[in-house]
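Next comes my_file-v2.cif, a file with mmCIF, C-alpha atoms and all ligand atoms.
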```cif
data_target
#
loop_
_atom_site.label_atom_id
_atom_site.label_comp_id
_atom_site.auth_asym_id
_atom_site.auth_seq_id
_atom_site.Cartn_x
_atom_site.Cartn_y
_atom_site.Cartn_z
CA MET A 26 -6.28 25.46 -0.06
CA GLY A 27 -4.89 22.80 2.25
CA TYR A 28 -3.20 19.59 1.31
CA THR A 29 -4.06 16.00 2.22
CA LEU A 30 -1.39 13.81 3.76
CA ILE A 31 -1.35 10.33 2.24
CA ASN A 32 -1.05 8.19 5.34
CA GLY A 33 0.81 5.09 4.13
CA LYS A 34 1.42 3.87 7.64
CA PHE A 35 -2.27 3.79 8.48
CA LEU A 36 -3.26 2.25 5.15
CA ALA A 37 -0.56 -0.42 5.56
CA SER A 38 -1.90 -1.25 9.04
CA ILE A 39 -5.39 -1.87 7.61
CA ILE A 40 -3.96 -4.06 4.83
CA LYS A 41 -1.97 -6.07 7.39
CA GLU A 42 -5.08 -6.61 9.51
CA ASP A 43 -6.90 -8.01 6.45
CA LEU A 44 -3.91 -10.21 5.61
CA LYS A 45 -3.85 -11.59 9.16
CA ILE A 46 -7.40 -12.86 8.68
CA GLU A 47 -6.38 -14.49 5.41
CA ILE A 48 -3.33 -16.09 7.03
CA ASP A 49 -5.52 -17.48 9.84
CA SER A 50 -7.80 -19.14 7.32
CA LEU A 51 -4.78 -20.62 5.49
CA ARG A 52 -3.47 -21.94 8.80
CA LYS A 53 -6.79 -23.75 9.33
CA LYS A 54 -6.03 -25.57 6.07
CA GLY A 55 -2.57 -26.48 7.44
CA ILE A 56 -0.79 -23.88 5.29
CA ILE A 57 1.75 -21.46 6.76
CA PRO A 58 3.05 -18.89 4.24
CA SER A 59 6.81 -18.54 4.31
CA LEU A 60 9.28 -16.01 2.95
CA ALA A 61 13.03 -16.53 2.44
CA VAL A 62 15.13 -13.35 2.43
CA ILE A 63 18.71 -13.31 1.15
CA LEU A 64 20.96 -10.56 2.51
CA VAL A 65 24.54 -10.24 1.29
CA GLY A 66 27.09 -7.94 2.92
CA GLU A 67 26.80 -5.25 5.57
CA ASN A 68 24.78 -2.48 3.89
CA LYS A 69 23.21 -0.67 6.86
CA ALA A 70 20.06 0.40 4.99
CA SER A 71 19.53 -3.15 3.66
CA GLU A 72 19.95 -4.60 7.17
CA LYS A 73 17.30 -2.19 8.40
CA TYR A 74 14.86 -2.99 5.57
CA VAL A 75 15.31 -6.72 6.11
CA SER A 76 14.67 -6.42 9.83
CA PHE A 77 11.44 -4.48 9.09
CA LYS A 78 10.36 -7.24 6.70
CA GLU A 79 11.15 -9.92 9.31
CA LYS A 80 9.26 -8.04 12.02
CA THR A 81 6.18 -7.59 9.84
CA CYS A 82 6.17 -11.27 8.87
CA GLN A 83 6.22 -12.17 12.55
CA GLU A 84 3.46 -9.69 13.33
CA ILE A 85 1.01 -11.15 10.83
CA GLY A 86 1.92 -14.85 10.93
CA ILE A 87 4.22 -15.39 7.93
CA LYS A 88 7.22 -17.58 8.62
CA SER A 89 10.38 -15.70 7.61
CA ILE A 90 13.87 -17.09 7.18
CA VAL A 91 16.77 -14.69 6.63
CA PHE A 92 19.93 -16.05 4.98
CA LYS A 93 22.87 -13.75 5.72
CA PHE A 94 26.04 -13.94 3.64
CA SER A 95 29.30 -12.08 4.16
CA GLU A 96 30.35 -9.34 1.71
CA ASP A 97 32.93 -11.59 -0.04
CA THR A 98 30.54 -14.51 -0.73
CA GLN A 99 30.83 -15.96 -4.23
CA GLU A 100 27.85 -15.95 -6.57
CA GLU A 101 27.83 -19.77 -6.83
CA GLU A 102 27.12 -20.13 -3.13
CA ILE A 103 24.02 -17.94 -3.41
CA THR A 104 22.91 -19.68 -6.61
CA LYS A 105 23.07 -22.98 -4.74
CA LEU A 106 20.82 -21.62 -1.99
CA ILE A 107 18.33 -20.23 -4.55
CA ASP A 108 18.15 -23.67 -6.22
CA GLU A 109 17.38 -25.27 -2.84
CA LEU A 110 14.75 -22.66 -1.99
CA ASN A 111 13.13 -23.05 -5.43
CA SER A 112 12.66 -26.77 -4.91
CA ASN A 113 11.62 -26.57 -1.25
CA PRO A 114 7.78 -26.70 -1.16
CA SER A 115 7.67 -25.14 2.31
CA VAL A 116 9.22 -21.91 0.96
CA ASN A 117 6.65 -19.74 -0.84
CA GLY A 118 8.52 -16.51 -1.50
CA ILE A 119 12.17 -15.71 -2.28
CA LEU A 120 13.59 -12.21 -2.03
CA ILE A 121 17.15 -11.03 -2.65
CA GLN A 122 17.71 -7.73 -0.88
CA LEU A 123 19.27 -5.21 -3.27
CA PRO A 124 21.81 -3.78 -3.87
CA LEU A 125 24.29 -6.66 -3.93
CA PRO A 126 28.08 -6.33 -3.59
CA LYS A 127 29.75 -5.27 -6.87
CA HIS A 128 31.38 -8.64 -7.65
CA ILE A 129 27.98 -10.36 -7.84
CA ASP A 130 25.96 -10.20 -11.06
CA GLN A 131 22.54 -9.11 -9.79
CA ASN A 132 20.64 -9.96 -12.97
CA ASN A 133 22.21 -13.39 -13.09
CA LEU A 134 20.95 -14.18 -9.58
CA LEU A 135 17.46 -12.77 -10.16
CA LEU A 136 17.21 -14.98 -13.24
CA LYS A 137 17.60 -18.06 -11.01
CA ILE A 138 14.51 -17.38 -8.84
CA ASP A 139 11.44 -19.46 -9.68
CA PRO A 140 8.98 -16.84 -11.08
CA LEU A 141 6.18 -18.44 -9.00
CA LYS A 142 8.17 -17.53 -5.86
CA ASP A 143 9.31 -14.10 -7.09
CA VAL A 144 7.50 -11.95 -4.52
CA ASP A 145 9.57 -8.88 -5.48
CA GLY A 146 8.59 -9.21 -9.15
CA PHE A 147 12.17 -8.63 -10.35
CA THR A 148 12.70 -11.78 -12.44
CA PRO A 149 12.72 -11.33 -16.23
CA TYR A 150 9.52 -13.40 -16.38
CA CYS A 151 7.59 -11.15 -13.96
CA LEU A 152 8.97 -7.95 -15.49
CA GLY A 153 8.07 -9.29 -18.94
CA LYS A 154 4.53 -10.13 -17.82
CA LEU A 155 4.21 -6.61 -16.45
CA LEU A 156 5.36 -5.20 -19.80
CA MET A 157 2.68 -7.30 -21.50
CA ASP A 158 -0.01 -5.84 -19.19
CA GLU A 159 -0.53 -9.28 -17.65
CA PRO A 160 1.20 -8.82 -14.27
CA LEU A 161 1.97 -11.86 -12.11
CA PHE A 162 3.94 -10.42 -9.17
CA VAL A 163 4.10 -6.62 -9.21
CA PRO A 164 7.18 -5.00 -7.55
CA CYS A 165 6.20 -3.92 -4.05
CA THR A 166 7.00 -0.19 -4.04
CA PRO A 167 5.17 0.64 -7.31
CA LYS A 168 2.27 -1.59 -6.26
CA GLY A 169 2.03 0.25 -2.94
CA ILE A 170 2.04 3.63 -4.70
CA LEU A 171 -0.84 2.63 -6.98
CA ARG A 172 -2.75 1.34 -3.94
CA MET A 173 -2.30 4.69 -2.19
CA LEU A 174 -3.47 6.67 -5.25
CA ASP A 175 -6.54 4.44 -5.58
CA THR A 176 -7.41 4.55 -1.89
CA TYR A 177 -7.32 8.35 -1.88
CA GLU A 178 -9.34 8.30 -5.13
CA ILE A 179 -6.69 10.22 -7.02
CA GLY A 180 -7.45 9.98 -10.74
CA ILE A 181 -4.67 8.59 -12.94
CA GLU A 182 -6.23 8.37 -16.40
CA GLY A 183 -5.15 11.16 -18.73
CA LYS A 184 -2.90 12.76 -16.11
CA ASN A 185 0.71 13.80 -16.62
CA ALA A 186 2.70 11.45 -14.40
CA VAL A 187 6.38 12.30 -14.02
CA ILE A 188 8.74 9.81 -12.41
CA VAL A 189 12.22 10.91 -11.36
CA GLY A 190 14.39 7.77 -11.21
CA ARG A 191 14.62 4.80 -13.57
CA SER A 192 15.55 1.85 -11.33
CA ILE A 193 14.22 -1.66 -11.77
CA ILE A 194 12.94 -1.47 -8.16
CA VAL A 195 10.78 1.63 -8.64
CA GLY A 196 10.98 3.86 -11.74
CA LYS A 197 10.64 1.36 -14.57
CA PRO A 198 7.84 -0.81 -13.12
CA LEU A 199 5.99 2.26 -11.81
CA SER A 200 6.04 3.77 -15.31
CA LEU A 201 4.40 0.60 -16.71
CA LEU A 202 1.70 0.53 -14.04
CA LEU A 203 0.82 4.20 -14.56
CA LEU A 204 0.83 3.70 -18.33
CA LYS A 205 -1.51 0.72 -17.94
CA ARG A 206 -3.85 3.08 -16.08
CA ASN A 207 -3.74 5.54 -19.01
CA ALA A 208 -1.49 8.21 -17.53
CA THR A 209 0.88 10.08 -19.84
CA VAL A 210 4.18 9.00 -18.36
CA THR A 211 7.54 10.77 -18.44
CA ILE A 212 10.61 9.18 -16.86
CA CYS A 213 13.41 11.53 -15.82
CA HIS A 214 16.88 10.59 -14.59
CA SER A 215 20.30 11.98 -13.74
CA LYS A 216 20.99 13.02 -17.35
CA THR A 217 17.64 14.75 -17.94
CA GLU A 218 18.03 18.36 -19.07
CA SER A 219 15.81 21.12 -17.64
CA LEU A 220 14.35 18.71 -15.11
CA GLU A 221 12.34 21.43 -13.36
CA GLU A 222 10.46 22.25 -16.58
CA ILE A 223 9.29 18.65 -16.76
CA THR A 224 8.48 18.21 -13.06
CA ARG A 225 6.47 21.47 -13.15
CA ARG A 226 4.13 19.88 -15.69
CA ALA A 227 3.42 16.87 -13.46
CA ASP A 228 -0.06 16.24 -12.12
CA ILE A 229 1.43 13.26 -10.30
CA LEU A 230 5.11 13.58 -9.38
CA CYS A 231 6.92 10.46 -8.11
CA VAL A 232 10.47 10.88 -6.88
CA ALA A 233 13.03 8.13 -6.22
CA VAL A 234 16.51 9.60 -6.47
CA GLY A 235 17.93 9.15 -2.97
CA LYS A 236 18.90 12.82 -2.43
CA PRO A 237 17.45 14.80 0.49
CA ASN A 238 15.45 17.93 -0.48
CA PHE A 239 16.06 17.24 -4.18
CA ILE A 240 12.56 18.45 -5.11
CA THR A 241 11.98 22.06 -4.12
CA GLU A 242 8.73 24.02 -4.28
CA ASP A 243 9.67 25.78 -7.55
CA MET A 244 9.77 22.34 -9.25
CA VAL A 245 6.17 21.48 -8.38
CA LYS A 246 2.91 22.59 -10.01
CA ASP A 247 0.14 24.06 -7.85
CA GLY A 248 -2.26 21.32 -6.81
CA ALA A 249 0.03 18.43 -7.85
CA VAL A 250 0.11 15.02 -6.15
CA VAL A 251 3.61 14.31 -4.81
CA ILE A 252 4.83 10.80 -3.99
CA ASP A 253 8.17 10.76 -2.17
CA ILE A 254 9.96 7.41 -2.51
CA GLY A 255 13.31 8.58 -1.11
CA ILE A 256 14.70 7.31 2.17
CA ASN A 257 17.70 9.33 3.35
CA VAL A 258 19.30 9.98 6.71
CA SER A 259 19.65 13.67 7.57
CA ALA A 260 22.65 15.24 9.30
CA TYR A 261 20.65 14.92 12.55
CA GLY A 262 20.07 11.19 12.01
CA LYS A 263 16.44 11.69 10.99
CA ILE A 264 14.88 9.71 8.11
CA ILE A 265 13.91 12.17 5.35
CA GLY A 266 12.70 11.84 1.76
CA ASP A 267 13.73 13.37 -1.57
CA VAL A 268 11.18 16.18 -1.33
CA ASP A 269 11.54 19.40 0.65
CA PHE A 270 8.34 18.45 2.45
CA GLU A 271 7.80 21.59 4.58
CA ARG A 272 7.88 23.94 1.59
CA VAL A 273 6.39 21.68 -1.10
CA LYS A 274 3.35 20.71 1.01
CA GLU A 275 1.97 24.25 0.78
CA LYS A 276 1.59 23.92 -3.01
CA VAL A 277 0.16 20.44 -3.44
CA SER A 278 -3.20 18.67 -3.19
CA PHE A 279 -1.77 15.38 -1.84
CA ILE A 280 1.67 14.41 -0.53
CA THR A 281 3.26 11.37 1.13
CA PRO A 282 5.34 11.90 4.27
CA VAL A 283 8.71 10.24 4.94
CA PRO A 284 8.67 8.23 7.11
CA GLY A 285 5.12 6.88 7.15
CA GLY A 286 4.31 7.08 3.43
CA VAL A 287 5.64 4.76 0.75
CA GLY A 288 7.91 2.68 3.05
CA PRO A 289 5.20 0.90 5.11
CA MET A 290 3.18 0.31 1.93
CA THR A 291 6.16 -1.44 0.29
CA ILE A 292 6.31 -3.88 3.18
CA ALA A 293 2.52 -4.43 3.21
CA MET A 294 2.65 -5.23 -0.52
CA LEU A 295 5.49 -7.72 0.08
CA MET A 296 3.26 -9.47 2.61
CA GLU A 297 0.39 -9.46 0.11
CA ASN A 298 2.64 -10.87 -2.64
CA THR A 299 3.87 -13.62 -0.29
CA ILE A 300 0.32 -14.69 0.48
CA PHE A 301 -0.55 -14.57 -3.23
CA ALA A 302 2.50 -16.79 -3.94
CA THR A 303 1.40 -19.25 -1.26
CA LYS A 304 -2.12 -19.51 -2.65
CA LEU A 305 -0.80 -19.84 -6.19
CA GLN A 306 1.53 -22.69 -5.22
CA LYS A 307 -1.17 -24.48 -3.21
CA GLY A 308 -3.60 -24.39 -6.14
CA LEU A 309 -5.95 -21.97 -4.38
CA ILE A 310 -5.78 -19.56 -7.36
CA GLU A 311 -5.93 -20.63 -10.97
N1 LIG B 1 16.20 -2.51 -2.01
C1 LIG B 1 15.49 -1.36 -1.91
N2 LIG B 1 14.18 -1.60 -2.09
C2 LIG B 1 14.05 -2.93 -2.31
C3 LIG B 1 12.94 -3.79 -2.55
O1 LIG B 1 11.77 -3.39 -2.61
N3 LIG B 1 13.24 -5.11 -2.70
C4 LIG B 1 14.50 -5.58 -2.65
N4 LIG B 1 14.69 -6.88 -2.85
N5 LIG B 1 15.55 -4.83 -2.44
C5 LIG B 1 15.32 -3.51 -2.26
#
```
Would it be possible to restate this file's structure as structure tokens?
Amino acid sequence: MGYTLINGKFLASIIKEDLKIEIDSLRKKGIIPSLAVILVGENKASEKYVSFKEKTCQEIGIKSIVFKFSEDTQEEEITKLIDELNSNPSVNGILIQLPLPKHIDQNNLLLKIDPLKDVDGFTPYCLGKLLMDEPLFVPCTPKGILRMLDTYEIGIEGKNAVIVGRSIIVGKPLSLLLLKRNATVTICHSKTESLEEITRRADILCVAVGKPNFITEDMVKDGAVVIDIGINVSAYGKIIGDVDFERVKEKVSFITPVPGGVGPMTIAMLMENTIFATKLQKGLIE
């Protein structure tokens, strides 16, 4: 039995085409969606992600403004910028690229973002709404994963979904979304004992640990759906995921590639959230 590749890149391109049409109709009303991105320090991966976000904004007609701060910037300086962006009506979305340098209190900064501009869905308000099953902005990576499962008509209800990784960016919000869709959700992490026994029971296995080839074929059930959220650089400079793709693919029903799987969907969902924020702020959605 062969496997189906979940083509995130292609799906993201279709979503972006639809968003372009929506942006054109907003422009006819004199509205140009805009996204402010805050980047602190010189994290190479973060710089790359931010440049992808900027490029995609440009491609589809969202105005993007990137605010770059040096590694030693004090928290107060960033707080001041967030206050300004919150009260600037021409800014629709605010995103702080994570991780931040150690001396900055990440939660403290996220708390300052106006929830109506929180396109990443990381403010306590948006995370709380998600917990209450009344999502406002849904974090982009989990939202993109759900969109891929739905597009490929992969059933979620009643399935054993296992998530490896418990971050606020992926693991925790993804667990809530899958739970809302009636999956039986298990979250595993670095202290989980007998991890392979748990992953082997997964109908849907989602992995976000940041370790190349962390998931091997003996950890995966026959016919499982595997979602690889890892982005790592191999010894040869290639981008690779957390799953030993070449071996695992032979056992599964569906699998996402890296690159070309979850990554492009994350960016497409950020674009979607930015347009949703714009419409919300302009009174085009109740
Ligand atoms: N760092 C890694 N992924 C993300 C993301 O989706 N949003 C932000 N803000 N930072 C990240």
Distance table requested - chain A against ligand LIG 1 (chain B), cut-off 9 Å, only C-alpha atoms and all ligand atoms: one row per qualifying residue with the closest atom pair and its distance in Å to one decimal, ordered by chain and rising residue number, as a tab-separated table.
```
residue	atom	partner	partner_atom	distance
A:Val62	CA	B:LIG1	N4	8.4
A:Ile63	CA	B:LIG1	N4	8.6
A:Ala70	CA	B:LIG1	C1	8.5
A:Ser71	CA	B:LIG1	N1	6.6
A:Tyr74	CA	B:LIG1	C1	7.7
A:Val75	CA	B:LIG1	N5	8.8
A:Leu120	CA	B:LIG1	N4	5.5
A:Ile121	CA	B:LIG1	N4	4.8
A:Gln122	CA	B:LIG1	N4	3.7
A:Leu123	CA	B:LIG1	N5	3.8
A:Pro124	CA	B:LIG1	N1	6.0
A:Val144	CA	B:LIG1	N4	9.0
A:Asp145	CA	B:LIG1	N3	6.0
A:Gly146	CA	B:LIG1	N3	8.9
A:Phe147	CA	B:LIG1	N4	8.1
A:Pro164	CA	B:LIG1	O1	6.9
A:Cys165	CA	B:LIG1	O1	5.8
A:Thr166	CA	B:LIG1	O1	5.9
A:Ile194	CA	B:LIG1	O1	6.0
A:Val195	CA	B:LIG1	O1	7.9
A:Thr291	CA	B:LIG1	O1	6.6
A:Ile292	CA	B:LIG1	O1	8.0
A:Leu295	CA	B:LIG1	O1	8.1
```
Handout entry: Spatial neighbours of segment 268-281 of chain A, 12 Å, all atoms listed in the file, chain gap at least 6 places, as a count of residues only
Key = 56
Problem - atom CA of Thr104 of chain A to atom CA of Ile119 of chain A, distance in Å rounded to a single decimal - result: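 Taking atom CA of Thr104 of chain A as the start and atom CA of Ile119 of chain A as the end point, the length is 12.2 Å.
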Exercise for the section: Would you mind telling me which residue in A:Arg172, A:Asp158, A:Met296, A:Gly262 lies nearest to Gln83 of chain A when using all atoms listed in the file? Expected result: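 Checking each candidate against Gln83 of chain A, we get A:Met296 as the closest.
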Problem - For Arg191 of chain A: contacts at 8 Å, all atoms listed in the file, fewer than 4 positions along chain excluded, given as a PyMOL selection string - result: chain A and resi 195-197+212-214
Output C-alpha atoms of each residue in that selection to a file, as a PDB file, keeping the file's coordinate frame.
```
ATOM      1  CA  VAL A 195      10.780   1.630  -8.640  1.00  0.00           C
ATOM      2  CA  GLY A 196      10.980   3.860 -11.740  1.00  0.00           C
ATOM      3  CA  LYS A 197      10.640   1.360 -14.570  1.00  0.00           C
ATOM      4  CA  ILE A 212      10.610   9.180 -16.860  1.00  0.00           C
ATOM      5  CA  CYS A 213      13.410  11.530 -15.820  1.00  0.00           C
ATOM      6  CA  HIS A 214      16.880  10.590 -14.590  1.00  0.00           C
TER       7      HIS A 214
END
```
Exercise for the section: Using all atoms listed in the file, pick whichever of A:Ser112, A:Glu182, A:Lys304, A:Gly153 has the shortest atom-to-atom distance to Asp139 of chain A. Expected result: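 Smallest separation from Asp139 of chain A among the options: A:Ser112.
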Practice task
Would you mind telling me which residue in A:Glu311, A:Glu47, A:Glu67, A:Glu79 lies nearest to Val91 of chain A when using only C-alpha atoms?
Solution key: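 Result for the nearest residue to Val91 of chain A: A:Glu79.
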Exercise for the section: Write out as a ChimeraX atom specification each polymer residue whose atoms come within 10 Å of Phe301 of chain A, counting all atoms listed in the file; drop sequence neighbours fewer than 6 positions from it. Expected result: /A:58,117-118,141-142,144,161-162,295,307,309-310
Practice task
Identify, on the basis of all atoms listed in the file, every residue whose closest approach to Ile181 of chain A does not exceed 10 Å; exclude the query and any residue fewer than 4 positions from it along the same chain; express the result as a PyMOL selection string.
Solution key: chain A and resi 171+174-175+185-186+203-209+228-229
Handout entry: segment 97-100 of chain A surroundings by all atoms listed in the file, 10 Å radius, close-in-sequence under 5 positions cut, as a PyMOL selection string
Key = chain A and resi 65-66+105+126-131+133-134
